[in-house]
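Below is my_file-v5.cif, which holds mmCIF, C-alpha atoms.
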data_model
loop_
_atom_site.group_PDB
_atom_site.id
_atom_site.type_symbol
_atom_site.label_atom_id
_atom_site.label_comp_id
_atom_site.auth_asym_id
_atom_site.auth_seq_id
_atom_site.Cartn_x
_atom_site.Cartn_y
_atom_site.Cartn_z
ATOM 1 C CA MET A 27 -19.265 15.042 -27.219
ATOM 2 C CA GLN A 28 -21.905 12.510 -26.269
ATOM 3 C CA ASP A 29 -19.435 9.715 -27.104
ATOM 4 C CA THR A 30 -16.889 10.845 -24.546
ATOM 5 C CA THR A 31 -19.514 11.285 -21.838
ATOM 6 C CA THR A 32 -20.722 7.766 -22.576
ATOM 7 C CA SER A 33 -17.219 6.347 -22.398
ATOM 8 C CA LEU A 34 -16.501 8.075 -19.084
ATOM 9 C CA TRP A 35 -18.690 5.247 -17.772
ATOM 10 C CA GLU A 36 -15.933 2.832 -18.792
ATOM 11 C CA THR A 37 -13.292 4.553 -16.609
ATOM 12 C CA SER A 38 -12.505 3.411 -13.063
ATOM 13 C CA VAL A 39 -14.564 6.363 -11.811
ATOM 14 C CA GLY A 40 -17.608 5.028 -13.689
ATOM 15 C CA SER A 41 -17.610 1.853 -11.603
ATOM 16 C CA ASP A 42 -16.524 3.438 -8.316
ATOM 17 C CA PRO A 43 -19.363 2.706 -5.871
ATOM 18 C CA ALA A 44 -18.934 6.025 -4.015
ATOM 19 C CA PHE A 45 -19.190 7.937 -7.296
ATOM 20 C CA LEU A 46 -22.232 5.868 -8.346
ATOM 21 C CA LEU A 47 -23.876 6.612 -5.003
ATOM 22 C CA ALA A 48 -23.214 10.337 -5.426
ATOM 23 C CA ARG A 49 -24.541 10.414 -8.978
ATOM 24 C CA ALA A 50 -27.658 8.320 -8.228
ATOM 25 C CA ASN A 51 -28.316 10.625 -5.292
ATOM 26 C CA ALA A 52 -27.869 13.749 -7.430
ATOM 27 C CA LEU A 53 -30.412 12.433 -9.971
ATOM 28 C CA SER A 54 -32.835 11.483 -7.202
ATOM 29 C CA LEU A 55 -32.482 14.880 -5.504
ATOM 30 C CA ALA A 56 -33.095 16.724 -8.767
ATOM 31 C CA ASP A 57 -36.312 14.731 -9.341
ATOM 32 C CA ALA A 58 -37.502 15.227 -5.764
ATOM 33 C CA ALA A 59 -36.658 18.957 -5.800
ATOM 34 C CA ALA A 60 -38.679 19.435 -8.983
ATOM 35 C CA ALA A 61 -41.639 17.531 -7.507
ATOM 36 C CA LEU A 62 -41.532 19.489 -4.230
ATOM 37 C CA ALA A 63 -41.071 22.977 -5.708
ATOM 38 C CA SER A 64 -44.770 23.434 -6.462
ATOM 39 C CA HIS A 65 -45.528 22.487 -2.831
ATOM 40 C CA GLY A 66 -43.251 25.249 -1.518
ATOM 41 C CA LEU A 67 -40.804 22.724 -0.095
ATOM 42 C CA LYS A 68 -37.188 21.776 -0.622
ATOM 43 C CA VAL A 69 -35.878 18.248 -0.111
ATOM 44 C CA ARG A 70 -34.463 19.055 3.325
ATOM 45 C CA SER A 71 -37.525 20.871 4.630
ATOM 46 C CA TYR A 72 -39.710 18.042 3.350
ATOM 47 C CA SER A 73 -37.584 15.462 5.217
ATOM 48 C CA VAL A 74 -37.915 17.416 8.454
ATOM 49 C CA LEU A 75 -41.664 17.876 7.977
ATOM 50 C CA ALA A 76 -42.157 14.171 7.190
ATOM 51 C CA LEU A 77 -40.310 13.160 10.379
ATOM 52 C CA ALA A 78 -42.347 15.665 12.394
ATOM 53 C CA CYS A 79 -45.534 14.024 11.057
ATOM 54 C CA GLY A 80 -44.730 10.689 12.702
ATOM 55 C CA ASP A 81 -45.560 9.904 16.324
ATOM 56 C CA LEU A 82 -41.963 9.939 17.471
ATOM 57 C CA ARG A 83 -41.647 13.606 18.463
ATOM 58 C CA PRO A 84 -37.953 13.879 17.556
ATOM 59 C CA THR A 85 -35.677 16.474 19.160
ATOM 60 C CA GLN A 86 -33.672 18.877 16.985
ATOM 61 C CA ARG A 87 -30.564 16.912 17.809
ATOM 62 C CA GLU A 88 -32.147 13.640 16.701
ATOM 63 C CA LEU A 89 -33.265 15.232 13.423
ATOM 64 C CA SER A 90 -29.767 16.535 12.883
ATOM 65 C CA GLU A 91 -28.130 13.150 13.487
ATOM 66 C CA PHE A 92 -30.676 11.206 11.441
ATOM 67 C CA LEU A 93 -30.663 13.567 8.452
ATOM 68 C CA ARG A 94 -26.889 14.187 8.618
ATOM 69 C CA LEU A 95 -27.432 17.955 8.749
ATOM 70 C CA ASP A 96 -25.681 20.535 10.950
ATOM 71 C CA PRO A 97 -27.760 21.472 14.024
ATOM 72 C CA SER A 98 -27.818 25.073 12.699
ATOM 73 C CA GLN A 99 -29.327 23.883 9.401
ATOM 74 C CA VAL A 100 -32.035 22.002 11.287
ATOM 75 C CA VAL A 101 -32.829 25.127 13.326
ATOM 76 C CA SER A 102 -33.260 27.222 10.200
ATOM 77 C CA LEU A 103 -35.421 24.563 8.494
ATOM 78 C CA LEU A 104 -37.610 24.376 11.613
ATOM 79 C CA ASP A 105 -37.878 28.178 11.847
ATOM 80 C CA ASP A 106 -39.149 28.248 8.289
ATOM 81 C CA LEU A 107 -41.660 25.402 8.839
ATOM 82 C CA GLU A 108 -42.833 26.982 12.090
ATOM 83 C CA ARG A 109 -43.378 30.376 10.400
ATOM 84 C CA ARG A 110 -45.711 28.653 7.943
ATOM 85 C CA GLY A 111 -47.620 27.047 10.813
ATOM 86 C CA TRP A 112 -46.624 23.507 9.761
ATOM 87 C CA VAL A 113 -44.624 22.430 12.824
ATOM 88 C CA SER A 114 -44.379 23.512 16.431
ATOM 89 C CA ARG A 115 -41.695 23.029 19.072
ATOM 90 C CA GLU A 116 -42.873 21.674 22.409
ATOM 91 C CA PRO A 117 -40.913 20.944 25.593
ATOM 92 C CA ASP A 118 -39.924 17.275 25.822
ATOM 93 C CA PRO A 119 -41.653 15.688 28.849
ATOM 94 C CA ARG A 120 -38.522 13.507 29.227
ATOM 95 C CA ASP A 121 -36.323 16.608 29.638
ATOM 96 C CA ARG A 122 -38.029 19.998 29.643
ATOM 97 C CA ARG A 123 -34.825 21.838 28.658
ATOM 98 C CA VAL A 124 -35.132 20.131 25.269
ATOM 99 C CA ASN A 125 -37.755 20.774 22.575
ATOM 100 C CA VAL A 126 -39.384 18.130 20.434
ATOM 101 C CA VAL A 127 -40.805 18.822 16.995
ATOM 102 C CA VAL A 128 -44.422 18.073 16.144
ATOM 103 C CA ALA A 129 -46.370 18.710 12.939
ATOM 104 C CA THR A 130 -49.579 20.740 13.104
ATOM 105 C CA ALA A 131 -52.778 19.659 11.317
ATOM 106 C CA ALA A 132 -51.920 22.045 8.463
ATOM 107 C CA GLY A 133 -48.415 20.557 8.349
ATOM 108 C CA ARG A 134 -49.820 17.053 8.042
ATOM 109 C CA THR A 135 -52.033 18.081 5.144
ATOM 110 C CA ALA A 136 -49.114 19.808 3.381
ATOM 111 C CA CYS A 137 -46.900 16.797 3.977
ATOM 112 C CA ALA A 138 -49.432 14.311 2.599
ATOM 113 C CA ARG A 139 -49.764 16.332 -0.624
ATOM 114 C CA ALA A 140 -46.014 16.690 -0.986
ATOM 115 C CA ARG A 141 -45.522 12.977 -0.330
ATOM 116 C CA GLU A 142 -47.742 12.050 -3.269
ATOM 117 C CA ALA A 143 -45.654 14.231 -5.575
ATOM 118 C CA VAL A 144 -42.366 12.837 -4.245
ATOM 119 C CA GLU A 145 -43.544 9.260 -4.524
ATOM 120 C CA ALA A 146 -44.568 9.757 -8.147
ATOM 121 C CA ALA A 147 -41.123 11.222 -8.936
ATOM 122 C CA GLN A 148 -39.495 8.333 -7.126
ATOM 123 C CA ARG A 149 -41.429 5.704 -9.037
ATOM 124 C CA ALA A 150 -40.142 7.284 -12.251
ATOM 125 C CA HIS A 151 -36.581 7.374 -10.920
ATOM 126 C CA PHE A 152 -36.604 3.717 -9.828
ATOM 127 C CA ALA A 153 -38.381 2.520 -12.981
ATOM 128 C CA VAL A 154 -35.028 1.121 -14.194
ATOM 129 C CA PHE A 155 -35.672 -1.742 -11.723
ATOM 130 C CA ASP A 156 -38.326 -4.449 -11.727
ATOM 131 C CA ASP A 157 -40.080 -5.139 -8.389
ATOM 132 C CA GLU A 158 -37.639 -7.804 -7.248
ATOM 133 C CA GLU A 159 -34.586 -5.691 -8.127
ATOM 134 C CA PHE A 160 -36.136 -2.726 -6.327
ATOM 135 C CA ASP A 161 -36.649 -4.768 -3.147
ATOM 136 C CA THR A 162 -33.119 -6.225 -3.308
ATOM 137 C CA PHE A 163 -31.613 -2.805 -3.901
ATOM 138 C CA THR A 164 -33.470 -0.981 -1.128
ATOM 139 C CA ALA A 165 -32.797 -3.747 1.418
ATOM 140 C CA LEU A 166 -29.038 -3.525 0.717
ATOM 141 C CA LEU A 167 -29.122 0.267 0.565
ATOM 142 C CA ARG A 168 -30.843 0.430 3.920
ATOM 143 C CA ARG A 169 -28.028 -1.592 5.539
ATOM 144 C CA LEU A 170 -25.473 0.739 3.970
ATOM 145 C CA ALA A 171 -27.401 3.817 5.131
ATOM 146 C CA ILE A 172 -27.681 2.541 8.701
ATOM 147 C CA GLY A 173 -23.919 1.933 8.667
ATOM 148 C CA PRO A 174 -21.684 -0.280 10.781
ATOM 149 C CA MET B 7 -32.277 10.056 22.939
ATOM 150 C CA GLN B 8 -30.610 7.150 21.170
ATOM 151 C CA ASP B 9 -33.891 5.234 21.308
ATOM 152 C CA THR B 10 -35.773 7.832 19.290
ATOM 153 C CA THR B 11 -32.997 8.081 16.698
ATOM 154 C CA THR B 12 -33.105 4.306 16.357
ATOM 155 C CA SER B 13 -36.869 4.276 15.963
ATOM 156 C CA LEU B 14 -36.777 7.001 13.299
ATOM 157 C CA TRP B 15 -35.620 4.069 11.149
ATOM 158 C CA GLU B 16 -39.085 2.571 11.589
ATOM 159 C CA THR B 17 -40.864 5.618 10.113
ATOM 160 C CA SER B 18 -41.796 5.868 6.427
ATOM 161 C CA VAL B 19 -38.792 8.160 5.943
ATOM 162 C CA GLY B 20 -36.498 5.393 7.225
ATOM 163 C CA SER B 21 -37.462 3.116 4.341
ATOM 164 C CA ASP B 22 -37.770 5.831 1.686
ATOM 165 C CA PRO B 23 -35.238 4.866 -0.992
ATOM 166 C CA ALA B 24 -34.398 8.512 -1.823
ATOM 167 C CA PHE B 25 -33.679 9.219 1.837
ATOM 168 C CA LEU B 26 -31.588 6.032 2.119
ATOM 169 C CA LEU B 27 -29.617 7.055 -0.966
ATOM 170 C CA ALA B 28 -28.978 10.507 0.503
ATOM 171 C CA ARG B 29 -27.877 9.129 3.861
ATOM 172 C CA ALA B 30 -25.640 6.383 2.407
ATOM 173 C CA ASN B 31 -24.087 9.049 0.190
ATOM 174 C CA ALA B 32 -23.537 11.406 3.145
ATOM 175 C CA LEU B 33 -21.739 8.646 5.081
ATOM 176 C CA SER B 34 -19.649 7.727 2.037
ATOM 177 C CA LEU B 35 -18.727 11.364 1.367
ATOM 178 C CA ALA B 36 -17.688 11.884 4.981
ATOM 179 C CA ASP B 37 -15.378 8.843 4.800
ATOM 180 C CA ALA B 38 -13.918 9.870 1.441
ATOM 181 C CA ALA B 39 -13.426 13.484 2.561
ATOM 182 C CA ALA B 40 -11.514 12.333 5.642
ATOM 183 C CA ALA B 41 -9.327 10.025 3.541
ATOM 184 C CA LEU B 42 -8.587 12.719 0.941
ATOM 185 C CA ALA B 43 -7.891 15.593 3.349
ATOM 186 C CA SER B 44 -4.298 14.515 4.002
ATOM 187 C CA HIS B 45 -3.744 14.430 0.216
ATOM 188 C CA GLY B 46 -4.863 18.045 -0.147
ATOM 189 C CA LEU B 47 -7.956 17.033 -2.085
ATOM 190 C CA LYS B 48 -11.708 17.281 -1.638
ATOM 191 C CA VAL B 49 -14.116 14.713 -3.048
ATOM 192 C CA ARG B 50 -15.005 16.888 -6.047
ATOM 193 C CA SER B 51 -11.448 17.821 -6.956
ATOM 194 C CA TYR B 52 -10.425 14.170 -6.633
ATOM 195 C CA SER B 53 -13.229 13.111 -9.023
ATOM 196 C CA VAL B 54 -12.088 15.654 -11.613
ATOM 197 C CA LEU B 55 -8.437 14.642 -11.224
ATOM 198 C CA ALA B 56 -9.292 10.929 -11.525
ATOM 199 C CA LEU B 57 -11.224 11.557 -14.764
ATOM 200 C CA ALA B 58 -8.347 13.671 -16.113
ATOM 201 C CA CYS B 59 -5.996 10.721 -15.455
ATOM 202 C CA GLY B 60 -7.839 8.470 -17.921
ATOM 203 C CA ASP B 61 -7.146 8.490 -21.653
ATOM 204 C CA LEU B 62 -10.461 10.089 -22.562
ATOM 205 C CA ARG B 63 -9.439 13.757 -22.466
ATOM 206 C CA PRO B 64 -12.849 15.021 -21.324
ATOM 207 C CA THR B 65 -13.998 18.583 -22.020
ATOM 208 C CA GLN B 66 -15.165 20.816 -19.161
ATOM 209 C CA ARG B 67 -18.713 20.357 -20.342
ATOM 210 C CA GLU B 68 -18.412 16.576 -20.271
ATOM 211 C CA LEU B 69 -16.973 16.695 -16.743
ATOM 212 C CA SER B 70 -19.839 18.918 -15.673
ATOM 213 C CA GLU B 71 -22.494 16.607 -17.121
ATOM 214 C CA PHE B 72 -20.883 13.414 -15.821
ATOM 215 C CA LEU B 73 -20.229 14.707 -12.297
ATOM 216 C CA ARG B 74 -23.542 16.609 -12.091
ATOM 217 C CA LEU B 75 -21.736 19.846 -11.184
ATOM 218 C CA ASP B 76 -22.367 23.365 -12.479
ATOM 219 C CA PRO B 77 -19.951 24.349 -15.262
ATOM 220 C CA SER B 78 -18.715 27.186 -13.011
ATOM 221 C CA GLN B 79 -17.872 24.684 -10.256
ATOM 222 C CA VAL B 80 -15.884 22.587 -12.735
ATOM 223 C CA VAL B 81 -13.961 25.687 -13.864
ATOM 224 C CA SER B 82 -12.985 26.547 -10.306
ATOM 225 C CA LEU B 83 -11.958 22.935 -9.523
ATOM 226 C CA LEU B 84 -9.820 22.877 -12.680
ATOM 227 C CA ASP B 85 -8.251 26.265 -11.868
ATOM 228 C CA ASP B 86 -7.210 24.881 -8.501
ATOM 229 C CA LEU B 87 -5.810 21.623 -9.935
ATOM 230 C CA GLU B 88 -3.998 23.546 -12.685
ATOM 231 C CA ARG B 89 -2.410 25.915 -10.142
ATOM 232 C CA ARG B 90 -0.942 22.895 -8.406
ATOM 233 C CA GLY B 91 0.430 21.595 -11.708
ATOM 234 C CA TRP B 92 -1.768 18.471 -11.630
ATOM 235 C CA VAL B 93 -3.865 19.051 -14.763
ATOM 236 C CA SER B 94 -3.559 21.114 -17.913
ATOM 237 C CA ARG B 95 -6.112 22.344 -20.422
ATOM 238 C CA GLU B 96 -5.322 21.666 -24.067
ATOM 239 C CA PRO B 97 -7.263 22.581 -27.211
ATOM 240 C CA ASP B 98 -9.439 19.706 -28.408
ATOM 241 C CA PRO B 99 -8.229 18.531 -31.859
ATOM 242 C CA ARG B 100 -11.899 17.782 -32.688
ATOM 243 C CA ASP B 101 -12.878 21.422 -32.066
ATOM 244 C CA ARG B 102 -10.104 23.871 -31.217
ATOM 245 C CA ARG B 103 -12.528 26.336 -29.572
ATOM 246 C CA VAL B 104 -12.979 23.749 -26.812
ATOM 247 C CA ASN B 105 -10.419 22.664 -24.188
ATOM 248 C CA VAL B 106 -9.892 19.130 -22.976
ATOM 249 C CA VAL B 107 -8.492 18.316 -19.548
ATOM 250 C CA VAL B 108 -5.386 16.150 -19.149
ATOM 251 C CA ALA B 109 -3.512 15.142 -15.999
ATOM 252 C CA THR B 110 0.221 15.889 -15.768
ATOM 253 C CA ALA B 111 2.749 13.312 -14.516
ATOM 254 C CA ALA B 112 2.643 14.963 -11.073
ATOM 255 C CA GLY B 113 -1.165 14.816 -11.197
ATOM 256 C CA ARG B 114 -1.071 11.099 -11.958
ATOM 257 C CA THR B 115 1.213 10.443 -8.995
ATOM 258 C CA ALA B 116 -1.003 12.509 -6.667
ATOM 259 C CA CYS B 117 -4.093 10.740 -7.968
ATOM 260 C CA ALA B 118 -2.642 7.245 -7.466
ATOM 261 C CA ARG B 119 -1.787 8.049 -3.833
ATOM 262 C CA ALA B 120 -5.185 9.575 -3.178
ATOM 263 C CA ARG B 121 -6.912 6.604 -4.820
ATOM 264 C CA GLU B 122 -5.293 4.186 -2.372
ATOM 265 C CA ALA B 123 -6.605 6.220 0.554
ATOM 266 C CA VAL B 124 -10.092 6.469 -0.931
ATOM 267 C CA GLU B 125 -10.250 2.780 -1.722
ATOM 268 C CA ALA B 126 -9.287 1.862 1.841
ATOM 269 C CA ALA B 127 -12.044 4.148 3.195
ATOM 270 C CA GLN B 128 -14.488 2.628 0.743
ATOM 271 C CA ARG B 129 -13.668 -0.940 1.746
ATOM 272 C CA ALA B 130 -14.477 0.033 5.327
ATOM 273 C CA HIS B 131 -17.736 1.717 4.274
ATOM 274 C CA PHE B 132 -18.920 -1.259 2.214
ATOM 275 C CA ALA B 133 -17.820 -3.828 4.811
ATOM 276 C CA VAL B 134 -21.505 -4.253 5.760
ATOM 277 C CA PHE B 135 -21.754 -6.367 2.550
ATOM 278 C CA ASP B 136 -20.193 -9.700 1.673
ATOM 279 C CA ASP B 137 -18.613 -9.989 -1.821
ATOM 280 C CA GLU B 138 -21.761 -11.228 -3.526
ATOM 281 C CA GLU B 139 -23.938 -8.534 -1.935
ATOM 282 C CA PHE B 140 -21.392 -5.895 -2.911
ATOM 283 C CA ASP B 141 -21.440 -7.024 -6.558
ATOM 284 C CA THR B 142 -25.256 -7.160 -6.640
ATOM 285 C CA PHE B 143 -25.531 -3.747 -5.033
ATOM 286 C CA THR B 144 -23.020 -1.973 -7.282
ATOM 287 C CA ALA B 145 -24.474 -3.508 -10.463
ATOM 288 C CA LEU B 146 -27.961 -2.221 -9.540
ATOM 289 C CA LEU B 147 -26.602 1.119 -8.334
ATOM 290 C CA ARG B 148 -24.760 1.607 -11.609
ATOM 291 C CA ARG B 149 -28.008 1.211 -13.569
ATOM 292 C CA LEU B 150 -29.694 3.743 -11.293
ATOM 293 C CA ALA B 151 -26.757 6.170 -11.644
ATOM 294 C CA ILE B 152 -26.775 5.923 -15.443
ATOM 295 C CA GLY B 153 -30.500 6.680 -15.374
ATOM 296 C CA PRO B 154 -33.250 6.059 -17.906
#
Kindly return the structure encoded in the file as structure tokens.
Amino acid sequence: MQDTTTSLWETSVGSDPAFLLARANALSLADAAAALASHGLKVRSYSVLALACGDLRPTQRELSEFLRLDPSQVVSLLDDLERRGWVSREPDPRDRRVNVVVATAAGRTACARAREAVEAAQRAHFAVFDDEEFDTFTALLRRLAIGP
Amino acid sequence: MQDTTTSLWETSVGSDPAFLLARANALSLADAAAALASHGLKVRSYSVLALACGDLRPTQRELSEFLRLDPSQVVSLLDDLERRGWVSREPDPRDRRVNVVVATAAGRTACARAREAVEAAQRAHFAVFDDEEFDTFTALLRRLAIGP
């Protein structure tokens, strides 16, 4: 059995960059999910919380666009984080019909703890690379993620 | 609004390799899904069909491990492809309690057409790279996708 799985890597699918991206992402998500579980977070709620911890005060729409999530998914992630007292919604001074998302002090503490766990999982995941390869890879990946 | 979305790239999340992987994958999946829709395929069913078109005769379990899908998801993708007459399940000569998955002639034709569409979408998605960058990126990505 193991032999066939290994040789699937020699098919055209095994060198298809979109497939490789999907599989690398699946492995990374599994590692991150395991690291975040004991902090009561999922990968998506952690991403929202981490963005709320910056100084940028993103709107729900900006979070949705940046994280490539449906607006309704962002609303439900925010509801959950707000119930725990980790983020709050405040009117945007630029346009008071719109809310921006801000982390509370408790949210910042939770996020910092979760970040340590995620970063440790990530170091393990990217340990296939040496430092130079890691820098090359992430610089190229960032261009791909930003898009045309 | 656009300004904040742009500056989210300057946060720690915007240079987090796991986030970049997830976002690059989301963009790639959206392109592939659009290209495959007119061929009656989704990204997952196309991946299964493409693997069935090789000479490796994978088992359902091997497909599940390789594609990082639940076994039940693989079963439902195969049921759908089999209903359309694109793949068949045959007993594995190595262990007749197990089925292997093989594409039919019609499945091979459908797959070849779909592959053209996917490859065109992919060329557009990876157009942010020149040839050398593309080769460097996919070689590193492949190591990450194979894992430790």
Could you tell me, as a ChimeraX atom specification, exactly which residues end up selected when the PyMOL selection byres ((chain B) within 8 of (chain A)) is applied to this structure? /B:7,10-11,13-14,17,19,21,23-24,26-35,53,56-57,60,62,64,68-69,71-74,128,131-134,139,143-144,146-154
key: Shortest interatomic distance to Arg90 in chain B - which of B:Gln66, B:Ser78, B:Ser51, B:Asn105, counting all atoms listed in the file   =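 The closest residue to Arg90 in chain B is B:Ser51.
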Point-to-point distance from CA of Ala131 in chain A to CA of Arg109 in chain A, Å rounded to tenths: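 Answer for the CA of Ala131 in chain A to CA of Arg109 in chain A separation: 14.3 Å.
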Next item on the list: Grab the CA of Arg114 in chain B to CA of Leu47 in chain B distance for me, in Å with one decimal place.
Entry: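 Separating CA of Arg114 in chain B from CA of Leu47 in chain B is a distance of 13.4 Å.
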Pairing the C-alpha atoms in order across the whole chain, superpose chain A onto chain B by least squares and write the result as a compact mmCIF listing (two decimals) with C-alpha atoms, keeping the file's coordinate frame.
# COMPACT_ATOMS: atom_id res chain seq x y z
CA MET A 27 -32.14 10.01 22.92
CA GLN A 28 -30.49 7.10 21.17
CA ASP A 29 -33.81 5.21 21.32
CA THR A 30 -35.68 7.81 19.31
CA THR A 31 -32.94 8.06 16.70
CA THR A 32 -33.05 4.28 16.37
CA SER A 33 -36.82 4.26 15.99
CA LEU A 34 -36.73 6.98 13.33
CA TRP A 35 -35.59 4.06 11.17
CA GLU A 36 -39.06 2.56 11.62
CA THR A 37 -40.83 5.62 10.14
CA SER A 38 -41.79 5.85 6.46
CA VAL A 39 -38.78 8.14 5.97
CA GLY A 40 -36.48 5.37 7.25
CA SER A 41 -37.47 3.11 4.36
CA ASP A 42 -37.78 5.82 1.71
CA PRO A 43 -35.25 4.86 -0.99
CA ALA A 44 -34.42 8.50 -1.83
CA PHE A 45 -33.68 9.22 1.84
CA LEU A 46 -31.60 6.02 2.11
CA LEU A 47 -29.63 7.06 -0.97
CA ALA A 48 -28.99 10.51 0.50
CA ARG A 49 -27.89 9.13 3.86
CA ALA A 50 -25.66 6.39 2.40
CA ASN A 51 -24.10 9.05 0.19
CA ALA A 52 -23.55 11.40 3.13
CA LEU A 53 -21.74 8.64 5.07
CA SER A 54 -19.66 7.73 2.03
CA LEU A 55 -18.74 11.37 1.36
CA ALA A 56 -17.69 11.90 4.97
CA ASP A 57 -15.39 8.85 4.80
CA ALA A 58 -13.93 9.88 1.44
CA ALA A 59 -13.44 13.50 2.56
CA ALA A 60 -11.53 12.35 5.64
CA ALA A 61 -9.34 10.04 3.54
CA LEU A 62 -8.61 12.74 0.95
CA ALA A 63 -7.91 15.62 3.36
CA SER A 64 -4.32 14.54 4.02
CA HIS A 65 -3.76 14.44 0.23
CA GLY A 66 -4.88 18.07 -0.14
CA LEU A 67 -7.97 17.04 -2.08
CA LYS A 68 -11.71 17.29 -1.65
CA VAL A 69 -14.13 14.72 -3.05
CA ARG A 70 -15.01 16.89 -6.05
CA SER A 71 -11.45 17.83 -6.96
CA TYR A 72 -10.44 14.18 -6.63
CA SER A 73 -13.23 13.12 -9.03
CA VAL A 74 -12.09 15.66 -11.61
CA LEU A 75 -8.44 14.65 -11.22
CA ALA A 76 -9.29 10.94 -11.52
CA LEU A 77 -11.22 11.56 -14.76
CA ALA A 78 -8.35 13.66 -16.10
CA CYS A 79 -5.99 10.72 -15.44
CA GLY A 80 -7.81 8.47 -17.91
CA ASP A 81 -7.13 8.49 -21.64
CA LEU A 82 -10.43 10.07 -22.55
CA ARG A 83 -9.41 13.75 -22.46
CA PRO A 84 -12.83 15.01 -21.32
CA THR A 85 -13.99 18.57 -22.02
CA GLN A 86 -15.15 20.81 -19.16
CA ARG A 87 -18.70 20.34 -20.34
CA GLU A 88 -18.40 16.56 -20.27
CA LEU A 89 -16.96 16.69 -16.74
CA SER A 90 -19.82 18.91 -15.68
CA GLU A 91 -22.49 16.60 -17.11
CA PHE A 92 -20.87 13.42 -15.82
CA LEU A 93 -20.22 14.70 -12.30
CA ARG A 94 -23.53 16.60 -12.09
CA LEU A 95 -21.72 19.83 -11.19
CA ASP A 96 -22.36 23.36 -12.50
CA PRO A 97 -19.94 24.34 -15.29
CA SER A 98 -18.71 27.18 -13.02
CA GLN A 99 -17.87 24.68 -10.27
CA VAL A 100 -15.88 22.58 -12.74
CA VAL A 101 -13.96 25.68 -13.87
CA SER A 102 -12.99 26.54 -10.31
CA LEU A 103 -11.96 22.94 -9.53
CA LEU A 104 -9.82 22.89 -12.69
CA ASP A 105 -8.25 26.27 -11.87
CA ASP A 106 -7.21 24.90 -8.50
CA LEU A 107 -5.81 21.64 -9.95
CA GLU A 108 -4.01 23.56 -12.69
CA ARG A 109 -2.41 25.94 -10.16
CA ARG A 110 -0.94 22.91 -8.40
CA GLY A 111 0.44 21.61 -11.70
CA TRP A 112 -1.76 18.49 -11.62
CA VAL A 113 -3.86 19.06 -14.75
CA SER A 114 -3.54 21.12 -17.90
CA ARG A 115 -6.09 22.35 -20.43
CA GLU A 116 -5.29 21.66 -24.07
CA PRO A 117 -7.23 22.57 -27.22
CA ASP A 118 -9.41 19.68 -28.41
CA PRO A 119 -8.18 18.51 -31.84
CA ARG A 120 -11.85 17.73 -32.65
CA ASP A 121 -12.82 21.38 -32.07
CA ARG A 122 -10.06 23.84 -31.22
CA ARG A 123 -12.47 26.32 -29.60
CA VAL A 124 -12.94 23.74 -26.84
CA ASN A 125 -10.39 22.66 -24.21
CA VAL A 126 -9.88 19.13 -22.98
CA VAL A 127 -8.48 18.31 -19.56
CA VAL A 128 -5.39 16.15 -19.14
CA ALA A 129 -3.50 15.16 -15.99
CA THR A 130 0.22 15.92 -15.75
CA ALA A 131 2.76 13.35 -14.50
CA ALA A 132 2.63 14.99 -11.06
CA GLY A 133 -1.17 14.83 -11.18
CA ARG A 134 -1.08 11.12 -11.93
CA THR A 135 1.21 10.48 -8.98
CA ALA A 136 -1.02 12.54 -6.66
CA CYS A 137 -4.10 10.77 -7.95
CA ALA A 138 -2.65 7.28 -7.45
CA ARG A 139 -1.80 8.08 -3.82
CA ALA A 140 -5.21 9.59 -3.18
CA ARG A 141 -6.92 6.62 -4.81
CA GLU A 142 -5.30 4.20 -2.37
CA ALA A 143 -6.62 6.23 0.56
CA VAL A 144 -10.12 6.49 -0.93
CA GLU A 145 -10.26 2.79 -1.72
CA ALA A 146 -9.31 1.88 1.84
CA ALA A 147 -12.07 4.16 3.18
CA GLN A 148 -14.50 2.63 0.73
CA ARG A 149 -13.69 -0.92 1.73
CA ALA A 150 -14.51 0.04 5.32
CA HIS A 151 -17.75 1.72 4.25
CA PHE A 152 -18.94 -1.26 2.19
CA ALA A 153 -17.84 -3.83 4.79
CA VAL A 154 -21.52 -4.27 5.74
CA PHE A 155 -21.78 -6.37 2.54
CA ASP A 156 -20.23 -9.71 1.65
CA ASP A 157 -18.66 -10.00 -1.83
CA GLU A 158 -21.81 -11.23 -3.54
CA GLU A 159 -23.99 -8.53 -1.95
CA PHE A 160 -21.42 -5.91 -2.94
CA ASP A 161 -21.49 -7.03 -6.58
CA THR A 162 -25.31 -7.16 -6.65
CA PHE A 163 -25.57 -3.74 -5.05
CA THR A 164 -23.07 -1.98 -7.30
CA ALA A 165 -24.53 -3.51 -10.47
CA LEU A 166 -28.01 -2.22 -9.54
CA LEU A 167 -26.63 1.11 -8.35
CA ARG A 168 -24.80 1.60 -11.61
CA ARG A 169 -28.05 1.21 -13.58
CA LEU A 170 -29.72 3.74 -11.29
CA ALA A 171 -26.80 6.16 -11.65
CA ILE A 172 -26.80 5.91 -15.45
CA GLY A 173 -30.54 6.65 -15.39
CA PRO A 174 -33.29 6.03 -17.91
Using all atoms listed in the file, the residue out of A:Arg115, A:Leu107, A:Asp157, A:Gly133 with shortest distance to Lys68 in chain A is A:Leu107
### Query
Rounded to one decimal in Å, what is the spacing between CA of Val113 in chain A and CA of Ala143 in chain A?
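Computing it gives 20.2 Å between the two atoms.
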**OP:** Rank A:Val100, A:Ala146, A:Asp106, A:Asp121 by their smallest atom-to-atom distance to Gly66 in chain A, using only C-alpha atoms, and report the top residue only.
**Re:**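 Among A:Val100, A:Ala146, A:Asp106, A:Asp121, it is A:Asp106 that comes nearest to Gly66 in chain A.
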All file atoms of range 15-19 of chain B boxed axis-aligned, 4 Å per side, centre plus edges, as AutoDock Vina command-line options:
--center_x -38.7 --center_y 5.4 --center_z 8.8 --size_x 14.2 --size_y 13.6 --size_z 13.6
